[in-house]
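Peer 1: Before anything else, here's the structure in question.
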Protein chains: 2
Amino acid sequence: MSVTAAAGFRAAGVAAGLKADAKDVALVVNDGPLHHASAVFTTNTVAAAPVLWSRQVISDGRADAVILNSGGANACTGAPGFADTHTTAEEVAEKLTASGRDVSATDVLVCSTGLIGERLDMPALLSGVEGAVQGLSAEQHAAADAAEAIRTTDTVSKTETRSGSGFTVGGMAKGAGMLAPGMATMLAVVTTDAVISQEDLDAALREAVRISFNRADSDGCMSTNDTVIALASGANSESDPSGVDLPEFQVALNEVCSSLAAQLIADAEGAHHEIAIRTVGALTEEQAEEAGRAVARSNLFKTAIFGRDPNWGRILSAVGTTDVDFDPTTIDVAVNGVWICRGGGIGEDRDLVDLSGRDVEVVIDLKAGETEATILTNDLTHDYVHENSAYSS
Amino acid sequence: MSVTAAAGFRAAGVAAGLKADAKDVALVVNDGPLHHASAVFTTNTVAAAPVLWSRQVISDGRADAVILNSGGANACTGAPGFADTHTTAEEVAEKLTASGRDVSATDVLVCSTGLIGERLDMPALLSGVEGAVQGLSAEQHAAADAAEAIRTTDTVSKTETRSGSGFTVGGMAKGAGMLAPGMATMLAVVTTDAVISQEDLDAALREAVRISFNRADSDGCMSTNDTVIALASGANSESDPSGVDLPEFQVALNEVCSSLAAQLIADAEGAHHEIAIRTVGALTEEQAEEAGRAVARSNLFKTAIFGRDPNWGRILSAVGTTDVDFDPTTIDVAVNGVWICRGGGIGEDRDLVDLSGRDVEVVIDLKAGETEATILTNDLTHDYVHENSAYSS
């Protein structure tokens, strides 16, 4: 059900001709009664036009709709590109208002994904907006269509749903390359019918993104379009009018975001292995993250895993490039349960490590403290090189 | 001539059996009268045993000899590995002393390169030391043998020589993967017969490394063994006894180091293109470096160049992840002379860019200041993935 699992939401996904023979425009509408919204955007200085627009829309904490397109990122397109985004939001507001929902363009979030540096085909996109508004539905198929329409090189749609006491959280995401923290290069929309204030929704989203999307690091490349949006309708008929149980809501939101992040990593371009790098015994959570991220960004480590080679020397070498506190003579490293590095040197027999499956778990014990963090990444493969060298040609 | 081009130096390169059917032990001896030495080492916390040893040797600014081996990095080998390095230095000192040069083990620098996490074959290495001492010569073939013996996956030896008023500078280097700043993952030995103080030699080496090896960033991976060594003999018969002309010496040393760095990049594992990323109009030299380095580390940019795709969006996106001062609406980018990005948007026709040759020049004009810096890197290819996934198996 994803984005229409929570009460108060309708969605649609249509083919507007931005891509050949595929759905490419998605719309999610929050029918209230609440219209609380929060969003986290890329920190890239080169932010796409829809990011610049949506930052303004979200500033008052309200949004009625999100329009998303694949088939073009509308990034590095200058003032004309920003005008295109503005026009798109105006079109959504106008068509929704014509259909009976009084919506202002300044309450319409816009997301785009695809190639950088090209203008969007606006006649096609605007016709898609019209079709999407006409197709809006709270049914499951509509949410599935929306999730499908935001795909670029994704081979599958990514959706997740959780329910709790008087609330449901559902979400969809896209992203299969340019995945990196701050944030995973991606778009995601999460909806909930919880009765929750805008401030609490915002805090919950930031916490969930920090430990989910921001710890998915496929190829270290941060995009110009990354956006995660949360919308709350307050429409759950069984909800406590005084407000949702916040800790329970946070857990559900974390689970939805973590599941979507894991699905992104599992579908990363050309990957043969999904790798979880769990750093334990760290002095701080930030240091655990930093150590894991350094390993996740090492092309030598990532090619070794592709070659089914448990090359712990490349793991130590990557951790050593950071400022993380650890003693190189006491650090331990395990790959898929085998402690092949003990005390910074040779441990158990590396031939015991089985890397034939897709899932790889690396555990790095820094022996410096009590905290841990897990970074998700992929191996670096021939298919990654192929897909990314051929993307725009 | 490389390391024996300068007067006062002898060298040798022999096959000791650390690698199959190839030279693997090199020796460079400074016969003086000066024995000034300086070195720059990896900043990796996980430093190999020979780095730990050589840091102690260099602390008094004197070195008589450098022993180098390929076929094993002696990294992550703990106390036994450090003892192996110590034993190697003792053997060099003993054999040199037996041959008539009174040398202390604490004046013998040691460098190792190859796989991490495996002990060296010490009987083989020690027999190589004996053979190297016996083979020492100031002839060109000896320097060529030494340069050959330090190769790992290098397909060619890297050497360079420059002469000035009363001095010669010669050098050799190895490195064809794990090339990254702080410093390029590599070994290099540079010799000179200039009359120069240890302090001036040290300052000149650090400046030369900063603008050469530290700006060669092939795959972003910093090794455990990086070492650049400079030795000065003061043996040039035409030298001014009061000392070399320092600015002239600096230029020659810069040229030798820059040439060696460029040779490393040109031989990087699996590369199809050598890419110079020149960032101009930067507020500071550090920011110019940071911008270029971000692009050099973008796997998406590097795969695009492999695919002969002048994907300027990926360049802007990479620069945007940094803290470098620039306005995303005024930045210009040229690839091989074509300004395909103007004012942060679409510029000249990208089809005008010719990427069929090996050399690629990217110019990024930040429009924020007056300084510039150039980072050297490679494309990311199928061959890189293949070589690095198969390296140890």
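Every chain in the structure tokens takes a letter, A first, then B, and so on in the order presented; its residues are numbered from 1, and the ligands are numbered from 1 following the presented order.
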Up to 8 Å from chain A, what residues of chain B turn up? Count only C-alpha atoms and give them as a ChimeraX atom specification.

Peer 2: /B:43-46,76-78,116-118,178,219-224,298-300,303-309,312-314,316-318,320-322,328-329,344-346,380-382,385-386,388-390,392-393

Peer 1: Dump N, CA and C atoms for the selected residues as a compact mmCIF listing (two decimals), in the first residue's frame?

Peer 2:
# COMPACT_ATOMS: atom_id res chain seq x y z
N THR B 43 50.17 8.98 6.30
CA THR B 43 49.56 9.42 7.56
C THR B 43 48.55 8.38 8.05
N ASN B 44 48.51 7.21 7.39
CA ASN B 44 47.59 6.15 7.80
C ASN B 44 47.95 5.67 9.20
N THR B 45 46.94 5.59 10.08
CA THR B 45 47.17 5.09 11.44
C THR B 45 47.71 3.67 11.41
N VAL B 46 47.27 2.93 10.38
CA VAL B 46 47.77 1.56 10.23
C VAL B 46 49.03 1.62 9.37
N CYS B 76 50.52 -4.82 9.03
CA CYS B 76 49.58 -5.61 9.85
C CYS B 76 50.21 -6.95 10.20
N THR B 77 51.47 -6.91 10.52
CA THR B 77 52.21 -8.14 10.86
C THR B 77 52.71 -8.10 12.29
N GLY B 78 52.33 -7.04 13.02
CA GLY B 78 52.61 -6.99 14.45
C GLY B 78 54.09 -6.93 14.80
N ILE B 116 49.22 -6.80 2.02
CA ILE B 116 49.14 -6.51 3.45
C ILE B 116 48.79 -7.80 4.19
N GLY B 117 49.31 -7.93 5.43
CA GLY B 117 48.83 -9.02 6.30
C GLY B 117 49.54 -10.34 6.12
N GLU B 118 50.70 -10.32 5.49
CA GLU B 118 51.47 -11.55 5.38
C GLU B 118 52.91 -11.28 5.77
N MET B 178 46.04 1.96 -5.36
CA MET B 178 46.06 2.57 -4.03
C MET B 178 46.79 3.91 -4.07
N ASP B 219 42.79 6.32 -6.93
CA ASP B 219 41.56 5.64 -6.49
C ASP B 219 41.15 6.00 -5.07
N GLY B 220 41.72 7.07 -4.53
CA GLY B 220 41.28 7.56 -3.22
C GLY B 220 41.69 6.70 -2.05
N CYS B 221 42.45 5.65 -2.31
CA CYS B 221 42.83 4.74 -1.23
C CYS B 221 44.26 5.01 -0.78
N MET B 222 44.45 5.34 0.49
CA MET B 222 45.77 5.63 1.03
C MET B 222 46.36 4.37 1.64
N SER B 223 47.62 4.11 1.35
CA SER B 223 48.18 2.84 1.80
C SER B 223 48.84 2.94 3.15
N THR B 224 49.28 1.79 3.61
CA THR B 224 49.95 1.66 4.89
C THR B 224 51.46 1.83 4.76
N SER B 298 35.11 10.95 -7.47
CA SER B 298 33.74 10.60 -7.84
C SER B 298 33.75 9.41 -8.79
N ASN B 299 33.28 8.28 -8.32
CA ASN B 299 33.22 7.10 -9.20
C ASN B 299 32.32 7.35 -10.39
N LEU B 300 31.29 8.18 -10.20
CA LEU B 300 30.39 8.46 -11.32
C LEU B 300 31.10 9.27 -12.40
N THR B 303 33.70 6.83 -14.11
CA THR B 303 33.11 5.88 -15.06
C THR B 303 32.61 6.61 -16.30
N ALA B 304 32.14 7.85 -16.13
CA ALA B 304 31.68 8.61 -17.30
C ALA B 304 32.84 8.84 -18.27
N ILE B 305 34.01 9.22 -17.74
CA ILE B 305 35.16 9.46 -18.61
C ILE B 305 35.56 8.16 -19.31
N PHE B 306 35.51 7.05 -18.58
CA PHE B 306 35.77 5.75 -19.21
C PHE B 306 34.83 5.55 -20.39
N GLY B 307 33.58 5.95 -20.23
CA GLY B 307 32.59 5.81 -21.30
C GLY B 307 32.64 6.95 -22.32
N ARG B 308 33.70 7.79 -22.23
CA ARG B 308 33.89 8.93 -23.15
C ARG B 308 32.69 9.87 -23.15
N ASP B 309 32.15 10.05 -21.95
CA ASP B 309 30.95 10.85 -21.76
C ASP B 309 31.32 12.10 -20.96
N TRP B 312 29.25 16.74 -17.40
CA TRP B 312 29.61 17.86 -16.50
C TRP B 312 28.69 17.92 -15.28
N GLY B 313 27.52 17.35 -15.37
CA GLY B 313 26.63 17.33 -14.20
C GLY B 313 27.28 16.60 -13.03
N ARG B 314 27.99 15.52 -13.35
CA ARG B 314 28.66 14.77 -12.29
C ARG B 314 29.84 15.56 -11.72
N LEU B 316 29.91 19.00 -11.48
CA LEU B 316 29.30 19.99 -10.59
C LEU B 316 28.79 19.35 -9.31
N SER B 317 28.18 18.19 -9.46
CA SER B 317 27.64 17.50 -8.30
C SER B 317 28.74 17.17 -7.30
N ALA B 318 29.90 16.77 -7.80
CA ALA B 318 31.03 16.44 -6.92
C ALA B 318 31.57 17.69 -6.23
N GLY B 320 29.97 20.29 -5.59
CA GLY B 320 28.94 20.74 -4.66
C GLY B 320 28.93 20.02 -3.32
N THR B 321 29.58 18.89 -3.25
CA THR B 321 29.63 18.17 -1.96
C THR B 321 30.69 18.75 -1.03
N THR B 322 31.52 19.64 -1.53
CA THR B 322 32.60 20.20 -0.71
C THR B 322 32.16 21.49 -0.01
N PRO B 328 26.89 28.30 -7.49
CA PRO B 328 26.47 27.29 -8.48
C PRO B 328 25.84 27.89 -9.73
N THR B 329 25.56 29.19 -9.72
CA THR B 329 24.97 29.80 -10.93
C THR B 329 26.00 30.54 -11.77
N GLY B 344 26.90 27.48 -14.47
CA GLY B 344 26.22 26.40 -13.75
C GLY B 344 25.19 25.68 -14.59
N GLY B 345 25.10 26.00 -15.87
CA GLY B 345 24.11 25.35 -16.74
C GLY B 345 24.73 24.90 -18.04
N ILE B 346 23.89 24.61 -18.98
CA ILE B 346 24.34 24.07 -20.25
C ILE B 346 25.14 25.11 -21.02
N LEU B 380 37.70 5.18 -14.15
CA LEU B 380 37.38 3.92 -13.47
C LEU B 380 36.86 2.95 -14.52
N THR B 381 37.59 1.85 -14.67
CA THR B 381 37.36 0.99 -15.83
C THR B 381 37.08 -0.46 -15.40
N HIS B 382 36.65 -1.24 -16.36
CA HIS B 382 36.51 -2.68 -16.12
C HIS B 382 37.84 -3.28 -15.68
N VAL B 385 38.50 -2.82 -11.97
CA VAL B 385 37.72 -3.77 -11.17
C VAL B 385 38.35 -5.16 -11.26
N HIS B 386 38.73 -5.54 -12.45
CA HIS B 386 39.30 -6.87 -12.63
C HIS B 386 40.60 -7.02 -11.85
N ASN B 388 41.80 -5.37 -9.33
CA ASN B 388 41.74 -5.26 -7.88
C ASN B 388 40.85 -6.30 -7.23
N SER B 389 40.04 -6.97 -8.01
CA SER B 389 39.25 -8.06 -7.43
C SER B 389 40.04 -9.36 -7.52
N ALA B 390 41.10 -9.38 -8.30
CA ALA B 390 41.85 -10.61 -8.50
C ALA B 390 43.23 -10.56 -7.87
N SER B 392 44.75 -10.70 -4.93
CA SER B 392 45.36 -11.62 -3.97
C SER B 392 44.90 -13.05 -4.18
N SER B 393 44.06 -13.28 -5.16
CA SER B 393 43.52 -14.63 -5.31
C SER B 393 44.15 -15.33 -6.50

Peer 1: Residues within 9 Å of segment 249-260 of chain B, please, as a ChimeraX atom specification. Count only C-alpha atoms; anything in the same chain fewer than 4 positions from it doesn't count.

Peer 2: /B:158-165,167-174,188,190,194,204-205,207-209,211-213,244-245,264-265

Peer 1: Keeping C-alpha atoms for every residue in the selection just given, could you write it to a file as a PDB file, in the first residue's frame?

Peer 2:
ATOM      1  CA  LYS B 158      59.326   5.081 -13.222  1.00  0.00           C
ATOM      2  CA  THR B 159      62.475   7.195 -13.182  1.00  0.00           C
ATOM      3  CA  GLU B 160      63.417  10.817 -13.735  1.00  0.00           C
ATOM      4  CA  THR B 161      66.524  12.995 -13.664  1.00  0.00           C
ATOM      5  CA  ARG B 162      67.230  16.748 -13.697  1.00  0.00           C
ATOM      6  CA  SER B 163      70.487  18.668 -13.515  1.00  0.00           C
ATOM      7  CA  GLY B 164      71.240  22.228 -12.466  1.00  0.00           C
ATOM      8  CA  SER B 165      74.194  24.426 -11.523  1.00  0.00           C
ATOM      9  CA  PHE B 167      73.874  19.439  -8.848  1.00  0.00           C
ATOM     10  CA  THR B 168      71.850  16.561 -10.219  1.00  0.00           C
ATOM     11  CA  VAL B 169      68.570  15.171  -8.873  1.00  0.00           C
ATOM     12  CA  GLY B 170      67.468  11.655  -9.818  1.00  0.00           C
ATOM     13  CA  GLY B 171      64.596   9.549  -8.614  1.00  0.00           C
ATOM     14  CA  MET B 172      62.644   6.340  -8.935  1.00  0.00           C
ATOM     15  CA  ALA B 173      59.128   5.462  -7.836  1.00  0.00           C
ATOM     16  CA  LYS B 174      56.621   2.628  -7.808  1.00  0.00           C
ATOM     17  CA  ALA B 188      59.928   6.832  -4.100  1.00  0.00           C
ATOM     18  CA  VAL B 190      65.177  10.716  -4.805  1.00  0.00           C
ATOM     19  CA  ALA B 194      73.824  18.915  -4.149  1.00  0.00           C
ATOM     20  CA  ALA B 204      62.402  21.207  -0.297  1.00  0.00           C
ATOM     21  CA  LEU B 205      61.128  17.617  -0.193  1.00  0.00           C
ATOM     22  CA  GLU B 207      57.186  21.329  -0.779  1.00  0.00           C
ATOM     23  CA  ALA B 208      57.818  19.054  -3.763  1.00  0.00           C
ATOM     24  CA  VAL B 209      55.661  16.257  -2.338  1.00  0.00           C
ATOM     25  CA  ILE B 211      52.453  19.738  -5.182  1.00  0.00           C
ATOM     26  CA  SER B 212      53.279  16.421  -6.865  1.00  0.00           C
ATOM     27  CA  PHE B 213      52.619  13.083  -5.170  1.00  0.00           C
ATOM     28  CA  VAL B 244      73.325  24.861  -3.795  1.00  0.00           C
ATOM     29  CA  ASP B 245      71.111  27.600  -5.214  1.00  0.00           C
ATOM     30  CA  LEU B 264      52.387   6.764 -11.582  1.00  0.00           C
ATOM     31  CA  ILE B 265      49.043   8.092 -12.787  1.00  0.00           C
TER      32      ILE B 265
END

Peer 1: I need the residue nearest Leu120 of chain B from this list: B:Ala334, B:Ala271, B:Ala83, B:Ala147. Use only C-alpha atoms for the distance.

Peer 2: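 Selected residue with least distance to Leu120 of chain B: B:Ala83.
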
Peer 1: If DSSP is run on the backbone, what residues of segment 271-380 of chain A are alpha helix (DSSP H)? A reply as a compact mmCIF listing (two decimals) with N, CA and C atoms, in the first residue's frame would be ideal.

Peer 2:
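Saved result, part-v8.txt, follows:
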# COMPACT_ATOMS: atom_id res chain seq x y z
N GLU A 285 29.37 7.29 18.62
CA GLU A 285 28.60 6.81 17.48
C GLU A 285 29.13 7.45 16.19
N GLU A 286 29.55 8.70 16.27
CA GLU A 286 30.08 9.39 15.10
C GLU A 286 31.35 8.69 14.59
N GLN A 287 32.20 8.25 15.54
CA GLN A 287 33.43 7.57 15.12
C GLN A 287 33.11 6.20 14.51
N ALA A 288 32.10 5.53 15.06
CA ALA A 288 31.69 4.24 14.49
C ALA A 288 31.22 4.44 13.05
N GLU A 289 30.44 5.50 12.84
CA GLU A 289 29.97 5.83 11.49
C GLU A 289 31.14 6.15 10.57
N GLU A 290 32.08 6.96 11.07
CA GLU A 290 33.19 7.42 10.23
C GLU A 290 34.06 6.22 9.79
N ALA A 291 34.29 5.30 10.70
CA ALA A 291 35.11 4.13 10.36
C ALA A 291 34.40 3.30 9.29
N GLY A 292 33.11 3.05 9.49
CA GLY A 292 32.37 2.25 8.53
C GLY A 292 32.28 2.91 7.17
N ARG A 293 32.11 4.23 7.20
CA ARG A 293 32.00 4.98 5.95
C ARG A 293 33.31 4.94 5.16
N ALA A 294 34.45 5.01 5.85
CA ALA A 294 35.75 4.96 5.16
C ALA A 294 35.90 3.63 4.44
N VAL A 295 35.46 2.55 5.06
CA VAL A 295 35.54 1.23 4.43
C VAL A 295 34.56 1.18 3.25
N ALA A 296 33.36 1.71 3.47
CA ALA A 296 32.33 1.69 2.42
C ALA A 296 32.77 2.48 1.19
N ASN A 299 37.39 1.83 -2.81
CA ASN A 299 37.21 1.04 -4.03
C ASN A 299 37.99 -0.26 -3.97
N LEU A 300 39.11 -0.25 -3.27
CA LEU A 300 39.90 -1.49 -3.17
C LEU A 300 39.15 -2.54 -2.35
N PHE A 301 38.54 -2.12 -1.24
CA PHE A 301 37.72 -3.05 -0.46
C PHE A 301 36.55 -3.55 -1.28
N LYS A 302 35.89 -2.63 -2.01
CA LYS A 302 34.67 -3.00 -2.73
C LYS A 302 34.96 -3.93 -3.92
N THR A 303 36.11 -3.73 -4.56
CA THR A 303 36.46 -4.66 -5.63
C THR A 303 36.88 -6.02 -5.05
N ALA A 304 37.52 -6.00 -3.89
CA ALA A 304 37.91 -7.27 -3.26
C ALA A 304 36.68 -8.12 -2.95
N ILE A 305 35.64 -7.49 -2.41
CA ILE A 305 34.43 -8.25 -2.09
C ILE A 305 33.79 -8.79 -3.37
N PHE A 306 33.81 -7.97 -4.41
CA PHE A 306 33.31 -8.47 -5.70
C PHE A 306 34.08 -9.73 -6.10
N TRP A 312 41.20 -8.31 4.50
CA TRP A 312 41.08 -7.49 5.71
C TRP A 312 42.12 -6.38 5.74
N GLY A 313 43.23 -6.54 5.03
CA GLY A 313 44.23 -5.48 4.99
C GLY A 313 43.66 -4.20 4.41
N ARG A 314 42.79 -4.34 3.41
CA ARG A 314 42.18 -3.15 2.81
C ARG A 314 41.17 -2.52 3.77
N ILE A 315 40.57 -3.32 4.64
CA ILE A 315 39.65 -2.78 5.66
C ILE A 315 40.45 -1.97 6.68
N LEU A 316 41.53 -2.55 7.20
CA LEU A 316 42.36 -1.83 8.17
C LEU A 316 42.93 -0.56 7.57
N SER A 317 43.38 -0.68 6.33
CA SER A 317 43.98 0.47 5.66
C SER A 317 42.97 1.60 5.53
N ALA A 318 41.72 1.27 5.25
CA ALA A 318 40.68 2.29 5.12
C ALA A 318 40.37 2.93 6.46
N VAL A 319 40.23 2.12 7.51
CA VAL A 319 39.97 2.67 8.84
C VAL A 319 41.12 3.58 9.26
N GLY A 320 42.33 3.20 8.88
CA GLY A 320 43.51 3.97 9.27
C GLY A 320 43.59 5.35 8.65

Peer 1: Restricting the calculation to only C-alpha atoms, which member of A:Asp200, A:Glu372, A:Trp53, A:Ala230 is positioned closest to Arg278 of chain A?

Peer 2: A:Glu372

Peer 1: Contacts of Ser237 of chain A at 9 Å or less, counting only C-alpha atoms, minus same-chain residues fewer than 4 places along, as a list in words?

Peer 2: Ala7, Gly166, Phe167 and Asp193 of chain A

Peer 1: Using backbone DSSP assignments, extract all strand (DSSP E or B) residues from segment 261-300 of chain B; output them as a list in words.

Peer 2: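 Strand (DSSP E or B) assignments inside segment 261-300 of chain B correspond to Glu274, Ile275, Ala276, Ile277, Arg278, Thr279, Val280, Gly281 and Ala282 of chain B.
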
Peer 1: Show which residues sit within 7 Å of segment 58-63 of chain A, as a PyMOL selection string. Count only C-alpha atoms, and ignore same-chain residues fewer than 4 positions away.

Peer 2: chain A and resi 35-39+54+107-109+198

Peer 1: Keeping only N, CA and C atoms, write the selected residues to a file as an mmCIF file, in the first residue's frame.

Peer 2:
data_model
loop_
_atom_site.group_PDB
_atom_site.id
_atom_site.type_symbol
_atom_site.label_atom_id
_atom_site.label_comp_id
_atom_site.auth_asym_id
_atom_site.auth_seq_id
_atom_site.Cartn_x
_atom_site.Cartn_y
_atom_site.Cartn_z
ATOM 1 N N HIS A 35 -2.247 18.856 7.635
ATOM 2 C CA HIS A 35 -1.387 18.948 6.446
ATOM 3 C C HIS A 35 0.054 19.223 6.853
ATOM 4 N N HIS A 36 0.469 18.540 7.941
ATOM 5 C CA HIS A 36 1.839 18.736 8.429
ATOM 6 C C HIS A 36 2.831 18.055 7.497
ATOM 7 N N ALA A 37 3.928 18.732 7.290
ATOM 8 C CA ALA A 37 4.948 18.194 6.394
ATOM 9 C C ALA A 37 6.335 18.540 6.901
ATOM 10 N N SER A 38 7.264 17.649 6.622
ATOM 11 C CA SER A 38 8.665 17.887 6.931
ATOM 12 C C SER A 38 9.488 17.300 5.795
ATOM 13 N N ALA A 39 10.676 17.811 5.578
ATOM 14 C CA ALA A 39 11.516 17.271 4.516
ATOM 15 C C ALA A 39 12.987 17.454 4.862
ATOM 16 N N SER A 54 11.212 23.333 -3.251
ATOM 17 C CA SER A 54 10.583 22.617 -2.143
ATOM 18 C C SER A 54 11.068 23.114 -0.785
ATOM 19 N N ASP A 107 2.017 25.187 -1.586
ATOM 20 C CA ASP A 107 1.914 24.001 -0.731
ATOM 21 C C ASP A 107 2.118 22.720 -1.533
ATOM 22 N N VAL A 108 2.758 22.840 -2.693
ATOM 23 C CA VAL A 108 3.032 21.681 -3.539
ATOM 24 C C VAL A 108 4.550 21.451 -3.614
ATOM 25 N N LEU A 109 4.997 20.353 -3.036
ATOM 26 C CA LEU A 109 6.399 19.971 -3.118
ATOM 27 C C LEU A 109 6.682 19.343 -4.474
ATOM 28 N N GLN A 198 3.570 19.247 13.738
ATOM 29 C CA GLN A 198 4.591 19.405 12.699
ATOM 30 C C GLN A 198 5.982 19.306 13.316
#

Peer 1: Mind checking which residues fall within 8 Å of segment 18-23 of chain A, counting only C-alpha atoms, ignoring those fewer than 3 positions away in the same chain, and posting them as a PyMOL selection string?

Peer 2: chain A and resi 13-15+70-72+120-121+124-125+145+148-150

Peer 1: Mind giving me the straight-line distance from atom CA of Gly243 of chain A to atom CA of Ala5 of chain A in Å, one decimal?

Peer 2: 19.1 Å

Peer 1: Separation of atom CA of Ala235 of chain B and atom CA of Asn30 of chain B, in Å?

Peer 2: 9.6 Å
